[in-house]
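Each remark here refers to the structure printed beneath this line.
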Amino acid sequence: MPNDPQDSSQPQKPPIRPGDTVPQEGLDPSQVFSSGAGASQDDRSAPSGSGQATKQGDDTASGQTQLSQDQGPPPPPPKTQATTEMGYDEEDLQILTEVGDYRFGNVVDALTNDNIIVPLHAETTFDEQKFLTFLRGSISLTRDEKWRIIQAIPKLSQFQVDELQKILEEEKRKFSELSPKHLSQLQKLEQKHADDWKDLQTVSQQQSVKQEDQQQAEEIKKNLGL
């Protein structure tokens with residue numbers, strides 16, 4: 001009996017990763033999220049959806065259930081002295097002392113989108129830089145997932161792009177509104193994702209150089225009649 005192509009016992013193809021060759025027409029959206037045997041450690045550490053923070057050993061943000069139970073007020077603006085009269089408890093005040101002026105978003109807001117190339121997308125219209133800014137700020141998407149989302153843009157519908165951006169905006173809003181007791185964990189998570197974004201920038205730059213070298217080589221061959 002021939003092997004069933006859908007047989008789960010068959011080896012799964014490793015998910016495409018930053019630096020891999022992507023089809024010219026773009027990556028199929030179904031390949032963005034991968035958690036099979038071939039997934040990288042970066043993928044396997046990913047949460048099941050936006051609103052849940054990636055687990056990083058002991059330095060984790062609370063799970064979605066815990067976050068939904070967080071009833072404390074959001075952090076005060078930087079330079080503002082928080083007090084118990086404002087609704088903060090002792091843990092909030094202690095964490096605020098530890099993190100100083102840090103507020104969620106500060107770390108990735110200091111980054112840029114340089115070298116991150118958005119593929120051509122004739123079927124959709126959106127602010128590419130705004131989209132990338134929200135994408136880089138997500139702490140619920142892994143590095144590889146962010147890269148694959150970018151590569152899948154040519155095949156996304158306008159509705160999918162709009163909805164994804166709404167989800168990313170909502171994620172940032174929810175984490176920003178968490179009580180101060182989460183700030184220390186969020187700061188560590190945000191730094192990890194900031195480092196991942198810098199990795200993507202490096203990979204993208206290397207890909208651009210490689211493509212330019214290949215184009216120059218082809219041009220030389222053409223001029224030599226090879």
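Each chain in the structure tokens gets a letter, A, B, ..., in the order shown, and its residues are numbered from 1; ligands are numbered from 1 in order too.
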
What are the closest atom pairs, with distances in Å to one decimal, for all residues of region 112-204 of chain A lying within 10 Å of region 81-89 of chain A? Consider only C-alpha atoms, order rows by chain and residue number, and present the result as JSON lines.
{"residue": "A:Ser179", "atom": "CA", "partner": "A:Tyr88", "partner_atom": "CA", "distance": 8.2}
{"residue": "A:Pro180", "atom": "CA", "partner": "A:Tyr88", "partner_atom": "CA", "distance": 8.2}
{"residue": "A:Lys181", "atom": "CA", "partner": "A:Asp89", "partner_atom": "CA", "distance": 8.9}

Prev. selection, C-alpha atoms, output as a PDB file, in the first residue's frame:
ATOM      1  CA  SER A 179       0.627  46.615  36.355  1.00  0.00           C
ATOM      2  CA  PRO A 180       4.219  47.582  37.263  1.00  0.00           C
ATOM      3  CA  LYS A 181       4.892  44.197  38.885  1.00  0.00           C
TER       4      LYS A 181
END

Residues near Arg136 (chain A), cut-off 10 Å, only C-alpha atoms, skip fewer than 6 positions along chain, as a ChimeraX atom specification:
/A:108-109,111-113,142-143,146-147,168,190,193-194,196-198,200

As an exercise, work out the distance from CA of Thr124 (chain A) to CA of Leu164 (chain A) in Å and give it to one decimal place.
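Here the two named atoms are 13.0 Å from each other.
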
Tell me, in Å to one decimal, how far CA of Ala152 (chain A) is from CA of Ser140 (chain A).
18.2 Å

Pick out the residues sitting within 12 Å of Gln129 (chain A), and hand them over as a PyMOL selection string; count only C-alpha atoms, and ignore anything fewer than 6 positions along from it in its own chain.
chain A and resi 112-118+135-136+150+165

Residues of region 65-226 of chain A in helix (DSSP H, G or I) according to DSSP, as number ranges by chain?
A: 65-68, 84-86, 90-99, 106-109, 128-136, 143-155, 158-176, 180-223

Judged by only C-alpha atoms, the minimum distance to Lys130 (chain A) among A:Gln158, A:Leu183, A:Lys166, A:Lys188 is found for A:Lys166

Counting only C-alpha atoms, the residue of A:Asp127, A:Glu177, A:Glu98, A:Glu163 that sits nearest Pro74 (chain A)
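Of A:Asp127, A:Glu177, A:Glu98, A:Glu163, the one nearest Pro74 (chain A) is A:Glu177, counting only C-alpha atoms.
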
Counting only C-alpha atoms, which residue out of A:Arg17, A:Lys155, A:Lys79, A:Arg103 sits closest to Ser184 (chain A)?
A:Arg103

I'd like the neighbourhood of Glu25 (chain A) as a list in words, where a residue qualifies if any of its atoms comes within 10 Å (using only C-alpha atoms), though same-chain residues fewer than 4 positions away should be ignored.
Pro119, Leu120, His121, Gln151, Ala152, Ile153, Pro154 and Lys155 of chain A

Please produce an output containing C-alpha atoms for each residue in the selection, written as a compact mmCIF listing (two decimals), in the first residue's frame.
# COMPACT_ATOMS: atom_id res chain seq x y z
CA PRO A 119 8.77 41.97 -0.62
CA LEU A 120 6.63 43.50 -3.35
CA HIS A 121 2.91 43.17 -2.60
CA GLN A 151 8.31 36.70 3.46
CA ALA A 152 4.60 35.77 3.25
CA ILE A 153 3.44 39.36 2.68
CA PRO A 154 3.11 38.95 -1.13
CA LYS A 155 0.54 36.20 -0.55

Could you check which of A:Glu91, A:Glu171, A:Asp162, A:Asp20 is closest to Asp144 (chain A), using only C-alpha atoms?
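Distance minimum relative to Asp144 (chain A) lands on A:Asp20.
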